[in-house]
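Data first, discussion second: the structure below is written as structure tokens.
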Number of protein chains: 2
Amino acid sequence: MDLGEFELIGRIVGKAESAGRFETGIGDDAAVIRTRGRIVTSVDSAVEGVHFDRQRPPAENARKAVAGAVSDLAAMGLGAGDTEILVALGAPPETPDRYLEGLADGVIEAAEEFGVELAGGDVVAAPVIFLSVTVIAHLDGEAPVVGRSGARPGDVVAVTGPVGGAAAGLKLVQGLEVPELSDLARDLLVECQVRPQPQLAAAPVLARAGATAMIDVSDGLVADLGHIAASSGVAIRLEAGEIPIVPGVREVATTAGADPLEFAVAGGEDYVLALTIPQERFEAADTALIEATGFELLAVGAVEAAAGGQAAARIVSEDGSQVVAPGGHDHFRGPAAGSR
Amino acid sequence: MDLGEFELIGRIVGKAESAGRFETGIGDDAAVIRTRGRIVTSVDSAVEGVHFDRQRPPAENARKAVAGAVSDLAAMGLGAGDTEILVALGAPPETPDRYLEGLADGVIEAAEEFGVELAGGDVVAAPVIFLSVTVIAHLDGEAPVVGRSGARPGDVVAVTGPVGGAAAGLKLVQGLEVPELSDLARDLLVECQVRPQPQLAAAPVLARAGATAMIDVSDGLVADLGHIAASSGVAIRLEAGEIPIVPGVREVATTAGADPLEFAVAGGEDYVLALTIPQERFEAADTALIEATGFELLAVGAVEAAAGGQAAARIVSEDGSQVVAPGGHDHFRGPAAGSR
């Protein structure tokens with residue numbers, strides 16, 4: 001392969017547009033960027049064989065890495081306005097040029113799709129392909145952000161869309177045959193896995209509408225709401241029957257010999273938002289969300305006082321009995337139910 | 001191994017001090033940080049087997065990853081004041097806890113050593129250990145930065161220390177026996193490889209003293225000065241006899257069957273600063289550097305007009321003939337002379 005570090009970064013930058021915040025850009029050792037008082041920053045990695053499949057198109061894989069990173073901004077109640085990304089790429093030296101260019105194209109296309117600017121990059125040799133994507137969003141001094149610690153007993157727990165699709169899609173990408181699935185349902189599930197949609201449009205609407213805590217569902221609904229519960233010092237009760245599940249997940253889970261609810265609440269990588277909001281603000285938030293995105297806000301449970309220090313999320317069935325909550329997708333230890 | 005993502009990041013953060021800029025810290029999906037008008041940001045990765053050796057202590061390897069990242073700030077003429085880092089860590093799920101804790105300790109110790117704050121992290125499963133470190137430095141609206149494009153014909157080309165040590169040290173770490181080397185010389189060379197010193201004290205002094213272009217020597221002196229030459233549209237002439245070489249490099253190179261000059265100018269990872277500065281400002285810069293760091297500014301060549309568009313760096317010997325310039329350390333394609 002013939003692409004050195006410098007050339008590859010040069011190609012990425014040559015295609016990126018500047019938003020006028022950059023004093024110096026790539027080509028120097030670091031980017032110099034004018035700010036507006038505060039930044040919101042986070043980093044997220046995607047690794048071949050863990051978070052994406054080398055056999056999928058490189059642009060799709062790069063987009064998924066960027067999507068996961070910008071989703072952290074949505075989790076904080078932000079859209080993508082005035083945001084930079086920095087991309088650290090590792091790849092084996094023998095990686096074909098065409099594949100690397102596909103990754104670069106995917107980063108550029110994702111930056112355009114999500115409305116963020118590429119501010120820097122680093123390309124290194126590595127035994128496997130990985131992308132670490134840092135996001136830096138600029139905020140005015142007073143703009144509100146939504147953390148994980150504001151959930152209060154009595155709040156409604158809600159999600160911005162159905163879950164379980166990414167876990168089911170992974171099984172399909174890995175070759176599971178599910179004859180009773182229509183082509184359309186199959187394609188939709190694969191899309192959930194390979195082309196997640198960070199909720200950048202929904203997030204600021206929900207922040208303004210009064211969300212008290214918010215998170216993007218990357219580890220799995222129960223694990224992620226568990227993070228909110230722990231940060232807020234509350235318990236979160238999810239109604240098993242209310243959890244919205246992507247069509248086709250049941251069929252995939254059954255074929256895989258798993259409980260559909262496991263895919264839904266422990267699969268991870270769904271990138272919908274899970275949030276808590278005071279009951280009296282739920283309806284207005286729902287209306288605002290529909291106006292902004294066309295999608296409903298879906299109530300799935302309630303915030304309760306943490307009895308005896310049990311600040312966690314749990315699922316109860318219709319008769320009130322607790323459903324054994326499966327573990328979430330642990331990004332480090334890998335496979336949870338239906339995921340890797 | 002028993003450390004989930006959340007716990008490991010929690011441990012890192014539990015040990016880090018806050019500098020008062022943080023509105024929210026780790027535990028949320030992103031950090032919210034107050035700024036002062038401008039940020040300087042960059043990302044740098046270190047991969048096991050490429051940039052560090054798994055057999056070396058984990059804290060040392062983590063420190064090296066952070067050192068490489070903050071060195072990009074030095075390259076821009078900055079110290080480490082008011083700087084955050086975000087660390088994306090990849091590691092095999094079977095990595096022993098003790099090794100992971102060593103990496104976390106290394107990040108914390110490096111943050112303390114370099115005077116930077118840990119603002120975020122992400123831990124993912126990966127087939128090899130890698131650390132991608134993003135730096136975000138805060139600047140006042142008018143503070144100057146030094147890029148790569150300001151070199152002008154007539155400027156002196158200088159370095160802040162001797163080169164070749166990291167390449168020679170790598171050979172020693174890899175097991176090369178060099179009997180004529182004293183233990184002290186051997187240890188010094190290994191230190192150059194495993195414990196590089198980013199020039200955070202020297203950088204702002206040289207920026208104030210009038211450096212017109214600056215870079216940290218990560219790819220190799222010729223390659224890095226080549227970046228300055230290309231960005232500035234000038235030619236850079238290095239005097240072979242003036243290039244300072246770390247003691248012991250000659251012996252290691254000879255034993256390895258290589259030209260010591262190759263180690264010195266193409267080895268990379270030395271992390272000294274290479275810069276250009278107007279001739280009339282050189283002496284004052286030298287004096288200021290000695291006062292601040294105890295080290296001399298070492299003149300190694302001159303900036304010339306780029307004849308026929310040849311904006312590159314070249315080495316000439318004492319009789320004026322051109323020395324064949326070996327290729328630099330390409331971080332992506334891997335091994336150059338004496339490096340990997």
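Naming works like this for the structure tokens: A, B, ... for the chains as they're shown, residue 1 at the start of each chain, ligands 1 onward in shown order.
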Taking only C-alpha atoms into account and nothing else, which residues of chain B lie no more than 6 Å away from chain A? Please answer as a JSON list (two decimals) with C-alpha atoms, in the first residue's frame.
[["chain", "number", "residue", "atom", "x", "y", "z"],
["B", 5, "GLU", "CA", -15.35, -0.10, 31.16],
["B", 28, "ASP", "CA", -21.48, 11.48, 32.04],
["B", 29, "ASP", "CA", -21.34, 10.71, 28.35],
["B", 30, "ALA", "CA", -19.07, 13.67, 27.73],
["B", 31, "ALA", "CA", -17.16, 16.26, 29.71],
["B", 32, "VAL", "CA", -18.28, 19.89, 29.76],
["B", 33, "ILE", "CA", -15.34, 22.27, 30.00],
["B", 34, "ARG", "CA", -15.12, 26.04, 30.22],
["B", 35, "THR", "CA", -12.81, 27.58, 27.62],
["B", 37, "GLY", "CA", -11.42, 31.67, 23.56],
["B", 38, "ARG", "CA", -9.37, 29.12, 21.65],
["B", 39, "ILE", "CA", -8.40, 25.49, 21.90],
["B", 40, "VAL", "CA", -5.51, 23.63, 20.31],
["B", 41, "THR", "CA", -6.34, 20.00, 19.69],
["B", 42, "SER", "CA", -4.69, 16.91, 18.29],
["B", 44, "ASP", "CA", -2.07, 10.54, 18.61],
["B", 72, "ASP", "CA", 2.15, 17.80, 19.57],
["B", 93, "PRO", "CA", -10.62, -8.97, 27.25],
["B", 122, "ASP", "CA", -13.34, 4.97, 26.56],
["B", 123, "VAL", "CA", -12.34, 1.35, 27.03],
["B", 124, "VAL", "CA", -13.09, -1.22, 24.35],
["B", 125, "ALA", "CA", -12.19, -4.81, 23.55],
["B", 147, "GLY", "CA", 2.82, 26.25, 12.92],
["B", 148, "ARG", "CA", 4.82, 24.63, 10.14],
["B", 331, "HIS", "CA", 3.99, 5.91, 11.44],
["B", 332, "PHE", "CA", 1.69, 4.08, 9.13],
["B", 333, "ARG", "CA", 3.94, 1.95, 7.00]]
Hey, could you lay chain B over chain A with a least-squares C-alpha fit (all atoms, paired in order) and save it as a short mmCIF file (atom, residue, chain, number, x, y, z; two decimals) with C-alpha atoms, in the first residue's frame?
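out-v2.cif, written as the output of this step:
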data_model
loop_
_atom_site.label_atom_id
_atom_site.label_comp_id
_atom_site.auth_asym_id
_atom_site.auth_seq_id
_atom_site.Cartn_x
_atom_site.Cartn_y
_atom_site.Cartn_z
CA MET B 1 -0.05 0.00 0.07
CA ASP B 2 1.12 3.44 -0.85
CA LEU B 3 -0.64 5.88 1.40
CA GLY B 4 1.50 7.46 4.05
CA GLU B 5 0.02 9.11 7.06
CA PHE B 6 0.36 12.55 5.65
CA GLU B 7 -1.31 11.83 2.34
CA LEU B 8 -4.28 10.04 3.88
CA ILE B 9 -4.95 12.83 6.33
CA GLY B 10 -4.46 15.28 3.50
CA ARG B 11 -7.11 13.54 1.46
CA ILE B 12 -9.55 13.57 4.33
CA VAL B 13 -8.99 17.23 4.90
CA GLY B 14 -9.01 18.12 1.26
CA LYS B 15 -12.58 16.93 1.13
CA ALA B 16 -13.74 18.50 4.38
CA GLU B 17 -15.17 21.97 4.49
CA SER B 18 -14.10 24.51 7.04
CA ALA B 19 -16.73 26.15 9.18
CA GLY B 20 -14.75 29.30 9.86
CA ARG B 21 -13.78 28.34 13.40
CA PHE B 22 -10.37 27.01 12.34
CA GLU B 23 -7.33 29.22 12.71
CA THR B 24 -4.99 26.50 11.50
CA GLY B 25 -6.04 23.12 10.31
CA ILE B 26 -4.53 19.77 9.57
CA GLY B 27 -1.02 19.98 8.20
CA ASP B 28 0.10 21.48 11.48
CA ASP B 29 0.70 19.33 14.53
CA ALA B 30 -2.59 20.42 16.04
CA ALA B 31 -5.66 22.41 15.08
CA VAL B 32 -6.31 25.83 16.59
CA ILE B 33 -10.02 26.49 17.02
CA ARG B 34 -11.95 29.48 18.30
CA THR B 35 -14.43 28.63 21.05
CA ARG B 36 -17.57 30.17 22.55
CA GLY B 37 -17.11 29.65 26.24
CA ARG B 38 -17.57 25.92 26.76
CA ILE B 39 -16.81 22.68 24.99
CA VAL B 40 -18.37 19.26 25.41
CA THR B 41 -15.92 16.50 24.61
CA SER B 42 -15.84 12.73 24.50
CA VAL B 43 -14.01 9.86 22.79
CA ASP B 44 -15.31 6.58 21.41
CA SER B 45 -13.51 3.73 19.64
CA ALA B 46 -14.66 1.14 17.12
CA VAL B 47 -12.55 -1.95 16.49
CA GLU B 48 -12.71 -4.41 13.60
CA GLY B 49 -14.23 -7.72 14.69
CA VAL B 50 -15.65 -6.15 17.86
CA HIS B 51 -17.74 -3.18 16.70
CA PHE B 52 -17.75 -3.69 12.97
CA ASP B 53 -17.15 -6.40 10.40
CA ARG B 54 -14.20 -6.07 8.03
CA GLN B 55 -16.33 -7.64 5.28
CA ARG B 56 -18.79 -4.74 5.34
CA PRO B 57 -18.05 -1.69 3.16
CA PRO B 58 -15.28 0.47 4.72
CA ALA B 59 -17.29 3.71 4.40
CA GLU B 60 -20.13 2.10 6.34
CA ASN B 61 -17.74 0.99 9.08
CA ALA B 62 -16.13 4.42 9.34
CA ARG B 63 -19.56 6.01 9.47
CA LYS B 64 -20.54 3.70 12.32
CA ALA B 65 -17.46 4.75 14.29
CA VAL B 66 -18.32 8.44 13.84
CA ALA B 67 -22.00 7.77 14.63
CA GLY B 68 -21.09 6.15 17.93
CA ALA B 69 -18.95 9.14 18.87
CA VAL B 70 -21.45 11.87 17.98
CA SER B 71 -24.17 9.89 19.74
CA ASP B 72 -22.44 10.84 23.00
CA LEU B 73 -23.32 14.46 22.21
CA ALA B 74 -26.97 13.50 21.74
CA ALA B 75 -26.77 11.76 25.10
CA MET B 76 -25.87 15.14 26.62
CA GLY B 77 -28.87 16.81 25.00
CA LEU B 78 -26.92 18.36 22.15
CA GLY B 79 -27.33 18.47 18.40
CA ALA B 80 -24.25 18.58 16.19
CA GLY B 81 -24.02 22.34 15.72
CA ASP B 82 -20.45 23.69 15.90
CA THR B 83 -18.75 20.38 16.51
CA GLU B 84 -15.35 19.05 15.51
CA ILE B 85 -14.16 15.48 15.35
CA LEU B 86 -10.62 14.09 15.46
CA VAL B 87 -10.10 10.63 14.03
CA ALA B 88 -7.27 8.31 15.04
CA LEU B 89 -7.07 5.46 12.56
CA GLY B 90 -5.10 2.26 13.04
CA ALA B 91 -4.74 -0.19 10.16
CA PRO B 92 -2.43 -2.97 9.03
CA PRO B 93 0.24 -1.66 6.62
CA GLU B 94 -0.95 -4.17 4.00
CA THR B 95 -4.49 -2.74 3.98
CA PRO B 96 -5.42 -2.04 0.34
CA ASP B 97 -5.52 1.62 -0.66
CA ARG B 98 -9.10 1.20 -1.78
CA TYR B 99 -10.17 0.09 1.67
CA LEU B 100 -8.36 3.00 3.36
CA GLU B 101 -9.88 5.45 0.92
CA GLY B 102 -13.26 3.93 1.71
CA LEU B 103 -12.66 4.57 5.39
CA ALA B 104 -11.64 8.16 4.63
CA ASP B 105 -14.73 8.64 2.47
CA GLY B 106 -16.87 7.21 5.26
CA VAL B 107 -15.44 9.70 7.73
CA ILE B 108 -16.08 12.60 5.35
CA GLU B 109 -19.61 11.45 4.51
CA ALA B 110 -20.41 10.92 8.18
CA ALA B 111 -19.09 14.39 9.00
CA GLU B 112 -21.42 15.82 6.35
CA GLU B 113 -24.37 13.67 7.41
CA PHE B 114 -24.03 14.63 11.06
CA GLY B 115 -23.00 18.23 10.42
CA VAL B 116 -19.60 18.08 12.13
CA GLU B 117 -16.14 19.22 11.00
CA LEU B 118 -12.99 17.14 10.81
CA ALA B 119 -10.32 18.92 12.86
CA GLY B 120 -7.54 16.39 12.98
CA GLY B 121 -6.36 12.89 12.46
CA ASP B 122 -3.60 10.42 13.07
CA VAL B 123 -2.90 7.26 11.11
CA VAL B 124 -0.80 4.48 12.60
CA ALA B 125 0.11 0.89 11.81
CA ALA B 126 -1.87 -1.64 13.85
CA PRO B 127 -2.65 -5.34 13.56
CA VAL B 128 -6.37 -4.56 13.15
CA ILE B 129 -8.38 -1.63 11.93
CA PHE B 130 -9.61 0.69 14.64
CA LEU B 131 -11.00 4.21 14.68
CA SER B 132 -10.97 6.34 17.83
CA VAL B 133 -13.18 9.36 17.28
CA THR B 134 -13.03 12.37 19.59
CA VAL B 135 -15.90 14.87 19.46
CA ILE B 136 -15.59 18.49 20.59
CA ALA B 137 -18.84 20.47 20.60
CA HIS B 138 -18.89 24.22 21.21
CA LEU B 139 -21.50 25.74 23.47
CA ASP B 140 -22.43 29.21 24.51
CA GLY B 141 -21.69 29.99 28.12
CA GLU B 142 -25.19 29.26 29.36
CA ALA B 143 -26.55 26.54 27.04
CA PRO B 144 -27.92 23.65 29.13
CA VAL B 145 -26.59 20.11 28.94
CA VAL B 146 -28.29 17.00 30.29
CA GLY B 147 -26.19 14.63 32.36
CA ARG B 148 -26.95 11.33 34.05
CA SER B 149 -27.47 12.53 37.58
CA GLY B 150 -30.74 14.49 37.42
CA ALA B 151 -33.34 11.67 37.52
CA ARG B 152 -35.83 12.12 40.38
CA PRO B 153 -38.43 9.72 41.86
CA GLY B 154 -41.70 10.23 40.02
CA ASP B 155 -40.07 11.00 36.67
CA VAL B 156 -41.25 9.07 33.64
CA VAL B 157 -38.64 6.89 31.93
CA ALA B 158 -38.87 7.09 28.14
CA VAL B 159 -37.07 6.12 24.95
CA THR B 160 -37.01 7.77 21.53
CA GLY B 161 -37.42 4.55 19.56
CA PRO B 162 -37.54 0.77 19.64
CA VAL B 163 -34.60 -1.34 20.78
CA GLY B 164 -33.11 -4.74 20.01
CA GLY B 165 -32.59 -4.08 16.33
CA ALA B 166 -28.80 -3.80 16.43
CA ALA B 167 -28.41 -7.09 18.34
CA ALA B 168 -30.76 -8.89 15.95
CA GLY B 169 -29.06 -7.29 12.96
CA LEU B 170 -25.71 -8.54 14.19
CA LYS B 171 -26.98 -12.12 14.13
CA LEU B 172 -28.12 -11.59 10.54
CA VAL B 173 -24.80 -10.02 9.52
CA GLN B 174 -23.09 -13.04 11.08
CA GLY B 175 -25.10 -15.29 8.79
CA LEU B 176 -28.10 -16.44 10.84
CA GLU B 177 -30.91 -17.54 8.51
CA VAL B 178 -34.42 -16.58 9.64
CA PRO B 179 -36.81 -17.82 6.92
CA GLU B 180 -39.95 -16.27 8.39
CA LEU B 181 -38.43 -12.77 8.12
CA SER B 182 -39.51 -10.63 5.16
CA ASP B 183 -36.72 -9.07 3.10
CA LEU B 184 -37.82 -5.65 4.32
CA ALA B 185 -37.70 -6.65 7.98
CA ARG B 186 -34.33 -8.28 7.43
CA ASP B 187 -32.88 -5.18 5.77
CA LEU B 188 -34.22 -2.96 8.53
CA LEU B 189 -32.56 -5.07 11.22
CA VAL B 190 -29.23 -5.13 9.38
CA GLU B 191 -29.46 -1.33 9.03
CA CYS B 192 -29.94 -1.05 12.80
CA GLN B 193 -26.61 -2.85 13.26
CA VAL B 194 -24.51 -1.32 10.49
CA ARG B 195 -26.04 2.14 10.14
CA PRO B 196 -27.11 3.41 13.55
CA GLN B 197 -28.82 6.79 13.73
CA PRO B 198 -27.54 9.05 16.50
CA GLN B 199 -30.44 11.11 17.82
CA LEU B 200 -28.98 14.55 17.15
CA ALA B 201 -32.34 16.02 16.11
CA ALA B 202 -34.23 14.64 19.10
CA ALA B 203 -31.65 15.41 21.78
CA PRO B 204 -31.86 19.22 22.01
CA VAL B 205 -35.65 19.07 21.78
CA LEU B 206 -35.78 16.77 24.79
CA ALA B 207 -33.23 18.86 26.67
CA ARG B 208 -35.38 21.97 26.17
CA ALA B 209 -38.51 20.00 27.05
CA GLY B 210 -37.14 19.26 30.49
CA ALA B 211 -35.35 15.89 30.41
CA THR B 212 -33.73 15.45 33.82
CA ALA B 213 -31.24 12.74 32.77
CA MET B 214 -30.38 11.23 29.42
CA ILE B 215 -28.14 8.57 27.89
CA ASP B 216 -27.70 6.94 24.49
CA VAL B 217 -28.42 3.23 24.45
CA SER B 218 -25.02 1.79 23.57
CA ASP B 219 -24.54 -0.87 26.25
CA GLY B 220 -28.20 -2.00 26.39
CA LEU B 221 -31.29 -0.38 27.85
CA VAL B 222 -30.98 -1.90 31.33
CA ALA B 223 -27.26 -1.27 31.64
CA ASP B 224 -27.53 2.31 30.38
CA LEU B 225 -30.50 3.18 32.56
CA GLY B 226 -28.49 1.54 35.35
CA HIS B 227 -25.82 4.21 34.77
CA ILE B 228 -28.48 6.91 35.18
CA ALA B 229 -29.85 5.19 38.29
CA ALA B 230 -26.37 4.99 39.83
CA SER B 231 -25.46 8.60 38.99
CA SER B 232 -28.83 9.91 40.20
CA GLY B 233 -29.11 7.69 43.29
CA VAL B 234 -32.51 6.37 42.24
CA ALA B 235 -34.11 3.10 41.17
CA ILE B 236 -35.53 2.69 37.69
CA ARG B 237 -38.47 0.39 37.03
CA LEU B 238 -39.06 -0.74 33.45
CA GLU B 239 -42.38 -2.30 32.42
CA ALA B 240 -41.55 -5.37 30.34
CA GLY B 241 -44.73 -5.00 28.29
CA GLU B 242 -44.01 -1.36 27.41
CA ILE B 243 -40.51 -1.79 25.97
CA PRO B 244 -40.76 -1.12 22.21
CA ILE B 245 -38.99 -3.76 20.15
CA VAL B 246 -37.93 -3.37 16.51
CA PRO B 247 -40.09 -5.55 14.19
CA GLY B 248 -38.39 -8.86 13.43
CA VAL B 249 -36.33 -9.00 16.62
CA ARG B 250 -38.70 -11.64 18.06
CA GLU B 251 -38.20 -13.91 15.06
CA VAL B 252 -34.40 -13.53 15.09
CA ALA B 253 -34.14 -14.10 18.83
CA THR B 254 -36.36 -17.17 18.68
CA THR B 255 -34.32 -18.63 15.82
CA ALA B 256 -31.15 -17.91 17.79
CA GLY B 257 -32.68 -19.66 20.82
CA ALA B 258 -32.75 -16.48 22.89
CA ASP B 259 -35.40 -14.42 24.69
CA PRO B 260 -36.46 -11.43 22.54
CA LEU B 261 -36.47 -9.29 25.69
CA GLU B 262 -32.78 -10.04 26.13
CA PHE B 263 -32.04 -8.69 22.67
CA ALA B 264 -34.17 -5.66 23.45
CA VAL B 265 -32.78 -4.67 26.82
CA ALA B 266 -29.25 -6.08 26.75
CA GLY B 267 -28.20 -6.04 23.10
CA GLY B 268 -26.81 -2.53 22.97
CA GLU B 269 -25.75 -0.36 20.04
CA ASP B 270 -29.31 0.86 19.41
CA TYR B 271 -28.29 4.52 19.91
CA VAL B 272 -31.84 5.60 20.72
CA LEU B 273 -32.00 7.96 23.68
CA ALA B 274 -33.23 6.80 27.09
CA LEU B 275 -34.25 9.60 29.41
CA THR B 276 -36.11 10.62 32.51
CA ILE B 277 -38.54 13.53 32.58
CA PRO B 278 -41.05 14.87 35.14
CA GLN B 279 -44.51 13.41 34.53
CA GLU B 280 -46.10 16.83 34.01
CA ARG B 281 -43.67 17.63 31.19
CA PHE B 282 -43.99 14.34 29.33
CA GLU B 283 -46.88 15.33 27.06
CA ALA B 284 -45.32 18.59 25.92
CA ALA B 285 -42.03 16.78 25.30
CA ASP B 286 -43.84 14.16 23.24
CA THR B 287 -45.54 16.85 21.16
CA ALA B 288 -42.27 18.72 20.61
CA LEU B 289 -40.48 15.51 19.62
CA ILE B 290 -43.18 14.59 17.10
CA GLU B 291 -43.01 18.08 15.62
CA ALA B 292 -39.22 17.97 15.32
CA THR B 293 -38.62 14.38 14.26
CA GLY B 294 -41.96 12.72 13.47
CA PHE B 295 -41.40 10.16 16.21
CA GLU B 296 -43.25 9.68 19.50
CA LEU B 297 -41.66 9.70 22.92
CA LEU B 298 -42.29 6.21 24.33
CA ALA B 299 -42.85 5.79 28.08
CA VAL B 300 -41.30 2.58 29.36
CA GLY B 301 -41.19 2.95 33.14
CA ALA B 302 -40.78 5.16 36.15
CA VAL B 303 -38.11 6.49 38.46
CA GLU B 304 -38.49 5.37 42.07
CA ALA B 305 -36.63 6.02 45.29
CA ALA B 306 -33.66 3.71 45.68
CA ALA B 307 -34.76 1.35 48.44
CA GLY B 308 -31.83 0.29 50.60
CA GLY B 309 -29.28 1.87 48.31
CA GLN B 310 -30.31 -0.25 45.31
CA ALA B 311 -29.65 2.41 42.65
CA ALA B 312 -30.16 0.22 39.60
CA ALA B 313 -32.57 -0.42 36.74
CA ARG B 314 -34.85 -3.46 36.82
CA ILE B 315 -37.62 -4.84 34.65
CA VAL B 316 -41.00 -5.90 35.98
CA SER B 317 -43.63 -7.93 34.12
CA GLU B 318 -47.32 -7.08 33.96
CA ASP B 319 -48.12 -8.98 37.17
CA GLY B 320 -45.52 -6.94 39.02
CA SER B 321 -42.94 -9.72 39.37
CA GLN B 322 -39.34 -8.86 38.59
CA VAL B 323 -37.94 -10.12 35.31
CA VAL B 324 -34.38 -11.35 35.67
CA ALA B 325 -32.42 -8.55 34.07
CA PRO B 326 -29.80 -9.84 31.69
CA GLY B 327 -26.39 -8.17 31.65
CA GLY B 328 -25.78 -5.33 29.23
CA HIS B 329 -23.33 -5.13 26.38
CA ASP B 330 -20.02 -4.52 28.05
CA HIS B 331 -17.86 -2.71 25.50
CA PHE B 332 -14.76 -4.04 27.10
CA ARG B 333 -15.57 -7.61 27.97
CA GLY B 334 -17.46 -8.06 24.75
CA PRO B 335 -20.35 -10.43 24.09
CA ALA B 336 -23.59 -10.00 25.94
CA ALA B 337 -26.81 -11.67 24.86
CA GLY B 338 -27.22 -11.34 21.15
CA SER B 339 -24.28 -9.01 20.80
CA ARG B 340 -20.53 -9.45 20.84
#
| said: Please identify the strand (DSSP E) residues within range 236-281 of chain B (assignment by DSSP from backbone atoms) and present them as a list in words. | reply: Ile236, Arg237, Leu238, Glu239, Leu273, Ala274, Leu275, Thr276 and Ile277 of chain B
Using only N, CA and C atoms, please write the residues we just selected to a file, as a compact mmCIF listing (two decimals), in the first residue's frame.
# COMPACT_ATOMS: atom_id res chain seq x y z
N ILE B 236 15.23 23.09 2.99
CA ILE B 236 15.97 23.08 4.25
C ILE B 236 17.25 22.28 4.05
N ARG B 237 18.38 22.93 4.41
CA ARG B 237 19.68 22.32 4.23
C ARG B 237 20.24 21.98 5.60
N LEU B 238 20.50 20.71 5.83
CA LEU B 238 21.08 20.26 7.11
C LEU B 238 22.55 19.95 6.90
N GLU B 239 23.39 20.41 7.83
CA GLU B 239 24.82 20.11 7.76
C GLU B 239 25.07 18.80 8.49
N LEU B 273 12.49 19.18 19.69
CA LEU B 273 11.86 20.11 18.76
C LEU B 273 12.85 20.48 17.67
N ALA B 274 12.36 20.56 16.44
CA ALA B 274 13.13 21.10 15.32
C ALA B 274 12.42 22.37 14.90
N LEU B 275 13.17 23.43 14.68
CA LEU B 275 12.53 24.72 14.42
C LEU B 275 13.36 25.57 13.48
N THR B 276 12.71 26.59 12.98
CA THR B 276 13.41 27.60 12.19
C THR B 276 13.23 28.94 12.90
N ILE B 277 14.26 29.79 12.80
CA ILE B 277 14.24 31.06 13.52
C ILE B 277 15.15 32.03 12.78
| So which residues of range 19-260 of chain A fall under helix (DSSP H, G or I) by DSSP, listed as a VMD selection string? | chain A and resid 58 to 75 97 to 114 165 to 173 183 to 194 202 to 208 221 to 232 240 to 242 249 to 255 260
